[in-house]
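Peer 1: You'll find structure-v9.cif just under this line, and it carries mmCIF, C-alpha atoms.
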```cif
data_protein
loop_
_atom_site.label_atom_id
_atom_site.label_comp_id
_atom_site.auth_asym_id
_atom_site.auth_seq_id
_atom_site.Cartn_x
_atom_site.Cartn_y
_atom_site.Cartn_z
CA MET B 42 -34.02 85.45 -45.98
CA GLY B 43 -36.83 86.47 -43.62
CA HIS B 44 -35.99 83.58 -41.30
CA VAL B 45 -32.33 84.62 -41.12
CA ARG B 46 -33.33 88.20 -40.34
CA PHE B 47 -35.65 87.01 -37.57
CA VAL B 48 -32.91 84.86 -36.02
CA LEU B 49 -30.45 87.78 -36.17
CA ILE B 50 -32.90 90.18 -34.49
CA PHE B 51 -33.75 87.57 -31.87
CA THR B 52 -30.06 86.95 -31.14
CA ILE B 53 -29.32 90.68 -30.79
CA SER B 54 -32.31 91.01 -28.45
CA LEU B 55 -30.96 88.21 -26.25
CA VAL B 56 -27.53 89.83 -26.10
CA ILE B 57 -29.05 93.17 -25.07
CA GLN B 58 -31.21 91.52 -22.43
CA SER B 59 -28.21 89.59 -21.12
CA ALA B 60 -26.11 92.76 -20.83
CA ALA B 61 -28.93 94.55 -19.01
CA ALA B 62 -29.37 91.61 -16.62
CA ASN B 63 -25.66 91.65 -15.77
CA SER B 64 -25.44 95.42 -15.34
CA GLY B 65 -25.24 97.28 -12.04
CA PHE B 66 -22.90 97.63 -9.09
CA GLU B 67 -20.72 94.83 -7.78
CA GLY B 68 -19.37 95.02 -4.26
CA ALA B 69 -19.26 98.16 -2.14
CA PRO B 70 -16.77 101.05 -2.15
CA ASP B 71 -15.96 100.65 1.59
CA LEU B 72 -14.55 104.14 2.00
CA HIS B 73 -11.92 104.61 4.69
CA PRO B 74 -11.43 108.29 5.68
CA ILE B 75 -7.90 109.68 5.54
CA GLU B 76 -7.64 111.47 8.88
CA ASP B 77 -4.42 113.42 8.24
CA SER B 78 -5.94 115.41 5.39
CA PHE B 79 -7.48 118.88 5.60
CA LEU B 80 -9.77 117.86 2.75
CA GLU B 81 -12.44 115.19 2.59
CA ARG B 82 -10.48 112.24 1.24
CA TYR B 83 -11.09 108.51 1.33
CA ARG B 84 -9.31 105.32 0.35
CA THR B 85 -11.28 102.37 -0.99
CA THR B 86 -10.59 99.13 0.87
CA SER B 87 -11.96 96.75 -1.74
CA GLU B 88 -12.49 96.57 -5.49
CA PHE B 89 -15.71 98.16 -6.68
CA ILE B 90 -17.28 97.67 -10.11
CA TYR B 91 -20.08 99.18 -12.16
CA ARG B 92 -21.27 97.40 -15.30
CA GLN B 93 -23.21 99.51 -17.76
CA THR B 94 -26.10 98.20 -19.80
CA ASN B 95 -24.01 98.85 -22.93
CA GLY B 96 -21.38 96.38 -21.66
CA ARG B 97 -18.72 98.90 -20.59
CA VAL B 98 -17.12 98.00 -17.26
CA TRP B 99 -15.88 100.57 -14.72
CA VAL B 100 -13.47 99.26 -12.10
CA VAL B 101 -12.36 101.13 -9.00
CA PRO B 102 -9.40 99.15 -7.62
CA SER B 103 -8.85 98.62 -3.93
CA GLU B 104 -6.65 101.32 -2.34
CA SER B 105 -7.91 104.01 -4.75
CA LEU B 106 -8.07 107.60 -3.50
CA VAL B 107 -11.32 109.54 -3.98
CA ASP B 108 -12.19 113.02 -2.76
CA GLY B 109 -15.21 114.12 -4.80
CA ARG B 110 -13.27 116.88 -6.56
CA GLY B 111 -13.95 115.22 -9.89
CA PHE B 112 -17.34 116.93 -9.58
CA PRO B 113 -17.52 120.63 -10.50
CA ARG B 114 -18.01 123.40 -7.95
CA LEU B 115 -21.57 124.26 -9.04
CA PHE B 116 -22.56 120.65 -8.51
CA ILE B 117 -21.23 120.77 -4.93
CA ASP B 118 -22.98 124.11 -4.34
CA LEU B 119 -26.32 122.54 -5.29
CA PHE B 120 -25.97 118.97 -4.02
CA GLY B 121 -23.28 119.10 -1.35
CA SER B 122 -20.50 116.53 -1.09
CA PRO B 123 -21.00 113.80 -3.73
CA LEU B 124 -19.37 111.28 -1.39
CA ARG B 125 -22.12 111.89 1.16
CA SER B 126 -24.99 111.95 -1.34
CA ASP B 127 -27.82 109.54 -2.10
CA PHE B 128 -25.76 108.27 -5.05
CA VAL B 129 -22.41 107.77 -3.33
CA ASN B 130 -21.66 104.59 -5.31
CA THR B 131 -21.95 106.52 -8.56
CA ALA B 132 -19.89 109.35 -7.09
CA VAL B 133 -17.03 107.00 -6.24
CA VAL B 134 -16.95 105.46 -9.72
CA TYR B 135 -17.21 108.82 -11.47
CA ASP B 136 -14.64 110.54 -9.25
CA TYR B 137 -12.17 107.74 -9.89
CA SER B 138 -12.87 107.88 -13.64
CA VAL B 139 -11.94 111.59 -13.66
CA LYS B 140 -8.66 110.82 -11.90
CA SER B 141 -7.73 107.70 -13.87
CA LYS B 142 -8.89 108.89 -17.32
CA HIS B 143 -9.18 105.29 -18.48
CA HIS B 144 -12.39 106.08 -20.38
CA PRO B 145 -13.42 109.13 -22.44
CA TRP B 146 -15.05 111.95 -20.46
CA VAL B 147 -18.34 111.71 -22.36
CA ALA B 148 -18.55 108.01 -21.53
CA ALA B 149 -17.85 108.79 -17.87
CA GLN B 150 -20.62 111.37 -17.68
CA ASN B 151 -23.06 109.05 -19.43
CA MET B 152 -22.09 106.28 -17.01
CA ALA B 153 -22.84 108.56 -14.05
CA TYR B 154 -26.19 109.49 -15.58
CA GLU B 155 -27.17 105.84 -15.84
CA ALA B 156 -25.68 104.71 -12.53
CA MET B 157 -27.28 107.37 -10.35
CA GLN B 158 -30.68 106.33 -11.66
CA VAL B 159 -29.82 102.72 -10.82
CA GLU B 160 -29.21 103.99 -7.27
CA GLY B 161 -32.70 105.45 -7.24
CA LEU B 162 -32.16 109.10 -8.15
CA PRO B 163 -35.25 110.41 -10.04
CA ARG B 164 -34.65 111.09 -13.70
CA SER B 165 -35.42 114.78 -13.21
CA GLU B 166 -32.51 115.06 -10.75
CA ALA B 167 -30.29 112.92 -12.97
CA ASN B 168 -31.01 115.30 -15.85
CA LEU B 169 -29.93 118.21 -13.67
CA VAL B 170 -26.68 116.46 -12.71
CA LEU B 171 -25.96 115.62 -16.35
CA MET B 172 -26.52 119.27 -17.32
CA LEU B 173 -24.04 120.39 -14.64
CA LEU B 174 -21.45 117.83 -15.74
CA ARG B 175 -21.81 118.67 -19.43
CA ALA B 176 -21.62 122.41 -18.76
CA THR B 177 -18.95 122.58 -16.07
CA GLY B 178 -17.50 119.10 -15.56
CA THR B 179 -13.92 118.04 -16.17
CA ARG B 180 -13.02 116.87 -19.66
CA TRP B 181 -9.85 115.05 -20.63
CA ALA B 182 -7.87 113.46 -23.42
CA THR B 183 -7.40 109.71 -23.09
CA LYS B 184 -3.80 108.56 -23.24
CA GLY B 185 -2.22 107.38 -26.46
CA PRO B 186 -1.06 108.69 -29.84
CA GLY B 187 -4.63 108.98 -31.07
CA ASN B 188 -5.52 111.95 -28.90
CA CYS B 189 -5.39 115.30 -30.66
CA PHE B 190 -2.96 116.84 -28.14
CA SER B 191 -0.26 114.17 -28.35
CA ARG B 192 1.91 116.13 -30.78
CA CYS B 193 2.20 119.05 -28.36
CA HIS B 194 2.23 117.30 -25.00
CA GLY B 195 3.18 113.68 -25.72
CA PRO B 196 0.91 110.61 -25.83
CA ASP B 197 0.99 110.05 -22.05
CA ALA B 198 0.06 113.56 -20.89
CA ASN B 199 -2.85 113.65 -18.43
CA LEU B 200 -4.52 116.64 -20.05
CA GLU B 201 -7.79 117.92 -18.62
CA TRP B 202 -9.92 121.06 -18.87
CA ARG B 203 -13.33 122.47 -18.09
CA PRO B 204 -15.52 124.54 -20.41
CA ILE B 205 -15.64 128.28 -19.82
CA VAL B 206 -19.18 129.31 -18.91
CA LYS B 207 -20.81 132.00 -16.83
CA ASP B 208 -22.20 130.67 -13.56
CA GLU B 209 -25.34 132.74 -14.09
CA ALA B 210 -26.00 131.04 -17.43
CA VAL B 211 -25.68 127.58 -15.88
CA LEU B 212 -27.87 128.46 -12.89
CA GLU B 213 -30.56 129.74 -15.25
CA LEU B 214 -30.78 126.20 -16.66
CA VAL B 215 -31.28 124.50 -13.28
CA LYS B 216 -35.08 124.70 -13.27
CA TRP B 217 -35.23 123.81 -16.97
CA ALA B 218 -32.95 120.77 -16.56
CA ARG B 219 -34.89 119.38 -13.58
CA ASN B 220 -37.37 117.83 -15.97
CA SER B 221 -37.84 114.07 -16.37
CA ARG B 222 -39.01 114.48 -19.97
CA LEU B 223 -35.73 115.87 -21.27
CA THR B 224 -33.47 113.67 -23.36
CA VAL B 225 -29.68 113.60 -23.24
CA GLU B 226 -29.59 115.13 -26.71
CA GLU B 227 -31.77 118.05 -25.65
CA ILE B 228 -29.55 118.70 -22.64
CA GLU B 229 -26.41 118.65 -24.80
CA LEU B 230 -27.86 121.08 -27.34
CA ARG B 231 -28.89 123.56 -24.66
CA VAL B 232 -25.57 123.31 -22.82
CA ASN B 233 -23.61 123.95 -26.02
CA GLU B 234 -25.40 127.29 -26.33
CA ILE B 235 -23.91 128.61 -23.07
CA ILE B 236 -20.33 127.34 -23.42
CA LEU B 237 -18.15 130.33 -24.27
CA GLU B 238 -14.87 128.49 -24.86
CA GLU B 239 -13.52 124.98 -24.59
CA GLY B 240 -11.19 126.04 -21.80
CA PRO B 241 -7.41 125.91 -21.28
CA HIS B 242 -5.81 122.48 -21.16
CA SER B 243 -3.69 121.58 -18.16
CA VAL B 244 -1.54 118.67 -17.05
CA ILE B 245 -2.28 119.67 -13.44
CA GLY B 246 -5.45 118.30 -11.91
CA ILE B 247 -8.31 120.82 -11.82
CA MET B 248 -9.76 121.47 -8.38
#
```
What's the structure tokens form of this structure?

Peer 2:
Amino acid sequence: MGHVRFVLIFTISLVIQSAAANSGFEGAPDLHPIEDSFLERYRTTSEFIYRQTNGRVWVVPSESLVDGRGFPRLFIDLFGSPLRSDFVNTAVVYDYSVKSKHHPWVAAQNMAYEAMQVEGLPRSEANLVLMLLRATGTRWATKGPGNCFSRCHGPDANLEWRPIVKDEAVLELVKWARNSRLTVEEIELRVNEIILEEGPHSVIGIM
């Protein structure tokens, strides 16, 4: 029995190590600016992929439109344009995930948290970004009959929303969140304390 348990643990360890070894970015976003737009908008000219250590794969197809507006306003106030940041690869994948809604919003935020550290962002800054996304980032219902809004809006509705918070309450957490010792769980607990309401749901993209 002990031998079987050892083999099982060893096998799981190999699978985890293999997933970690195969994680990371594949390709480059190759952003082509759209000149006839008043806003900062780009089109990807090649497929771009991020593989998480947990095995989830995030694909940004060629010819995808990204504009950085998947990131909340307070993020842009503090960091500037995400598509001109030190973690532009992460920004492209996350911005596309907000628009496509192929994965749950929590998974998308966790992906960004991991990916920006892969790009070299210090954990203290990654913790700050995660706090901003959890507190003010876009949330959405994935398509299909299993989402809790399908009875009102239909299974294919692109519903999204952002939590209602006071900017002052979020800004008060900036110094606290810029701490490399914080865990994701600690950030979530603190953010939940300042969220006033879940926020109205809309089928129109939130700017």

Peer 1: Mind giving me the straight-line distance from atom CA of Ser126 of chain B to atom CA of Ile75 of chain B in Å, one decimal?

Peer 2: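 Computing the Euclidean distance for atom CA of Ser126 of chain B and atom CA of Ile75 of chain B yields 18.6 Å.
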
Peer 1: Which residue, B:Leu171, B:Lys142, B:Ile205, B:Leu212, has the smallest gap to Glu227 of chain B when you use all atoms listed in the file?

Peer 2: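 Residue with the minimum atom-to-atom distance to Glu227 of chain B: B:Leu171.
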
Peer 1: Between atom CA of Gln150 of chain B and atom CA of Gly240 of chain B, what is the spacing in Å?

Peer 2: 17.9 Å

Peer 1: Between B:Arg175, B:Arg84, B:His73, B:His143, which one has atoms that come closest to Leu106 of chain B, using all atoms listed in the file?

Peer 2: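 The closest residue to Leu106 of chain B is B:Arg84.
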
Peer 1: I'd like the contact shell of Trp99 of chain B - 12 Å cut-off, only C-alpha atoms, skipping same-chain residues fewer than 3 positions apart - returned as a PDB file with C-alpha atoms, keeping the file's coordinate frame.

Peer 2:
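Result saved to result.pdb:
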```pdb
ATOM      1  CA  SER B  64     -25.440  95.420 -15.340  1.00  0.00           C
ATOM      2  CA  GLY B  65     -25.240  97.280 -12.040  1.00  0.00           C
ATOM      3  CA  PHE B  66     -22.900  97.630  -9.090  1.00  0.00           C
ATOM      4  CA  GLU B  67     -20.720  94.830  -7.780  1.00  0.00           C
ATOM      5  CA  GLU B  88     -12.490  96.570  -5.490  1.00  0.00           C
ATOM      6  CA  PHE B  89     -15.710  98.160  -6.680  1.00  0.00           C
ATOM      7  CA  ILE B  90     -17.280  97.670 -10.110  1.00  0.00           C
ATOM      8  CA  TYR B  91     -20.080  99.180 -12.160  1.00  0.00           C
ATOM      9  CA  ARG B  92     -21.270  97.400 -15.300  1.00  0.00           C
ATOM     10  CA  GLN B  93     -23.210  99.510 -17.760  1.00  0.00           C
ATOM     11  CA  THR B  94     -26.100  98.200 -19.800  1.00  0.00           C
ATOM     12  CA  ASN B  95     -24.010  98.850 -22.930  1.00  0.00           C
ATOM     13  CA  GLY B  96     -21.380  96.380 -21.660  1.00  0.00           C
ATOM     14  CA  PRO B 102      -9.400  99.150  -7.620  1.00  0.00           C
ATOM     15  CA  ASN B 130     -21.660 104.590  -5.310  1.00  0.00           C
ATOM     16  CA  THR B 131     -21.950 106.520  -8.560  1.00  0.00           C
ATOM     17  CA  VAL B 133     -17.030 107.000  -6.240  1.00  0.00           C
ATOM     18  CA  VAL B 134     -16.950 105.460  -9.720  1.00  0.00           C
ATOM     19  CA  TYR B 135     -17.210 108.820 -11.470  1.00  0.00           C
ATOM     20  CA  ASP B 136     -14.640 110.540  -9.250  1.00  0.00           C
ATOM     21  CA  TYR B 137     -12.170 107.740  -9.890  1.00  0.00           C
ATOM     22  CA  SER B 138     -12.870 107.880 -13.640  1.00  0.00           C
ATOM     23  CA  VAL B 139     -11.940 111.590 -13.660  1.00  0.00           C
ATOM     24  CA  SER B 141      -7.730 107.700 -13.870  1.00  0.00           C
ATOM     25  CA  LYS B 142      -8.890 108.890 -17.320  1.00  0.00           C
ATOM     26  CA  HIS B 143      -9.180 105.290 -18.480  1.00  0.00           C
ATOM     27  CA  HIS B 144     -12.390 106.080 -20.380  1.00  0.00           C
ATOM     28  CA  PRO B 145     -13.420 109.130 -22.440  1.00  0.00           C
ATOM     29  CA  ALA B 148     -18.550 108.010 -21.530  1.00  0.00           C
ATOM     30  CA  ALA B 149     -17.850 108.790 -17.870  1.00  0.00           C
ATOM     31  CA  MET B 152     -22.090 106.280 -17.010  1.00  0.00           C
ATOM     32  CA  ALA B 153     -22.840 108.560 -14.050  1.00  0.00           C
ATOM     33  CA  ALA B 156     -25.680 104.710 -12.530  1.00  0.00           C
TER      34      ALA B 156
END
```

Peer 1: May I ask for the distance between atom CA of Asn220 of chain B and atom CA of Thr177 of chain B, given in Å to one decimal place?

Peer 2: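 Between atom CA of Asn220 of chain B and atom CA of Thr177 of chain B the gap is 19.0 Å.
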
Peer 1: Name the residues that the PyMOL selection byres ((chain B and resi 80-83) around 12) pulls out of this structure, and write them as a PDB file with C-alpha atoms, keeping the file's coordinate frame.

Peer 2:
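The resulting file, expr-v5.pdb, is shown below:
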```pdb
ATOM      1  CA  PRO B  70     -16.770 101.050  -2.150  1.00  0.00           C
ATOM      2  CA  ASP B  71     -15.960 100.650   1.590  1.00  0.00           C
ATOM      3  CA  LEU B  72     -14.550 104.140   2.000  1.00  0.00           C
ATOM      4  CA  HIS B  73     -11.920 104.610   4.690  1.00  0.00           C
ATOM      5  CA  PRO B  74     -11.430 108.290   5.680  1.00  0.00           C
ATOM      6  CA  ILE B  75      -7.900 109.680   5.540  1.00  0.00           C
ATOM      7  CA  GLU B  76      -7.640 111.470   8.880  1.00  0.00           C
ATOM      8  CA  ASP B  77      -4.420 113.420   8.240  1.00  0.00           C
ATOM      9  CA  SER B  78      -5.940 115.410   5.390  1.00  0.00           C
ATOM     10  CA  PHE B  79      -7.480 118.880   5.600  1.00  0.00           C
ATOM     11  CA  ARG B  84      -9.310 105.320   0.350  1.00  0.00           C
ATOM     12  CA  THR B  85     -11.280 102.370  -0.990  1.00  0.00           C
ATOM     13  CA  THR B  86     -10.590  99.130   0.870  1.00  0.00           C
ATOM     14  CA  SER B 103      -8.850  98.620  -3.930  1.00  0.00           C
ATOM     15  CA  GLU B 104      -6.650 101.320  -2.340  1.00  0.00           C
ATOM     16  CA  SER B 105      -7.910 104.010  -4.750  1.00  0.00           C
ATOM     17  CA  LEU B 106      -8.070 107.600  -3.500  1.00  0.00           C
ATOM     18  CA  VAL B 107     -11.320 109.540  -3.980  1.00  0.00           C
ATOM     19  CA  ASP B 108     -12.190 113.020  -2.760  1.00  0.00           C
ATOM     20  CA  GLY B 109     -15.210 114.120  -4.800  1.00  0.00           C
ATOM     21  CA  ARG B 110     -13.270 116.880  -6.560  1.00  0.00           C
ATOM     22  CA  SER B 122     -20.500 116.530  -1.090  1.00  0.00           C
ATOM     23  CA  PRO B 123     -21.000 113.800  -3.730  1.00  0.00           C
ATOM     24  CA  LEU B 124     -19.370 111.280  -1.390  1.00  0.00           C
ATOM     25  CA  ARG B 125     -22.120 111.890   1.160  1.00  0.00           C
ATOM     26  CA  VAL B 133     -17.030 107.000  -6.240  1.00  0.00           C
ATOM     27  CA  ASP B 136     -14.640 110.540  -9.250  1.00  0.00           C
ATOM     28  CA  TYR B 137     -12.170 107.740  -9.890  1.00  0.00           C
ATOM     29  CA  MET B 248      -9.760 121.470  -8.380  1.00  0.00           C
TER      30      MET B 248
END
```

Peer 1: I'd like to see the residues matched by the PyMOL selection byres ((chain B and resi 234) around 12) on this file, and ideally I'd get them as a PDB file with C-alpha atoms, in the frame of the given file.

Peer 2:
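New file out_24.pdb:
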```
ATOM      1  CA  ARG B 175     -21.810 118.670 -19.430  1.00  0.00           C
ATOM      2  CA  ALA B 176     -21.620 122.410 -18.760  1.00  0.00           C
ATOM      3  CA  PRO B 204     -15.520 124.540 -20.410  1.00  0.00           C
ATOM      4  CA  ILE B 205     -15.640 128.280 -19.820  1.00  0.00           C
ATOM      5  CA  VAL B 206     -19.180 129.310 -18.910  1.00  0.00           C
ATOM      6  CA  LYS B 207     -20.810 132.000 -16.830  1.00  0.00           C
ATOM      7  CA  ALA B 210     -26.000 131.040 -17.430  1.00  0.00           C
ATOM      8  CA  VAL B 211     -25.680 127.580 -15.880  1.00  0.00           C
ATOM      9  CA  LEU B 214     -30.780 126.200 -16.660  1.00  0.00           C
ATOM     10  CA  GLU B 227     -31.770 118.050 -25.650  1.00  0.00           C
ATOM     11  CA  ILE B 228     -29.550 118.700 -22.640  1.00  0.00           C
ATOM     12  CA  GLU B 229     -26.410 118.650 -24.800  1.00  0.00           C
ATOM     13  CA  LEU B 230     -27.860 121.080 -27.340  1.00  0.00           C
ATOM     14  CA  ARG B 231     -28.890 123.560 -24.660  1.00  0.00           C
ATOM     15  CA  VAL B 232     -25.570 123.310 -22.820  1.00  0.00           C
ATOM     16  CA  ASN B 233     -23.610 123.950 -26.020  1.00  0.00           C
ATOM     17  CA  ILE B 235     -23.910 128.610 -23.070  1.00  0.00           C
ATOM     18  CA  ILE B 236     -20.330 127.340 -23.420  1.00  0.00           C
ATOM     19  CA  LEU B 237     -18.150 130.330 -24.270  1.00  0.00           C
ATOM     20  CA  GLU B 238     -14.870 128.490 -24.860  1.00  0.00           C
TER      21      GLU B 238
END
```

Peer 1: Identify which of the residues B:Ala132, B:Ala182, B:Val225, B:Ile117 lies closest to Met157 of chain B, counting all atoms listed in the file when measuring atom-to-atom distances.

Peer 2: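 Closest to Met157 of chain B of all the choices is B:Ala132.
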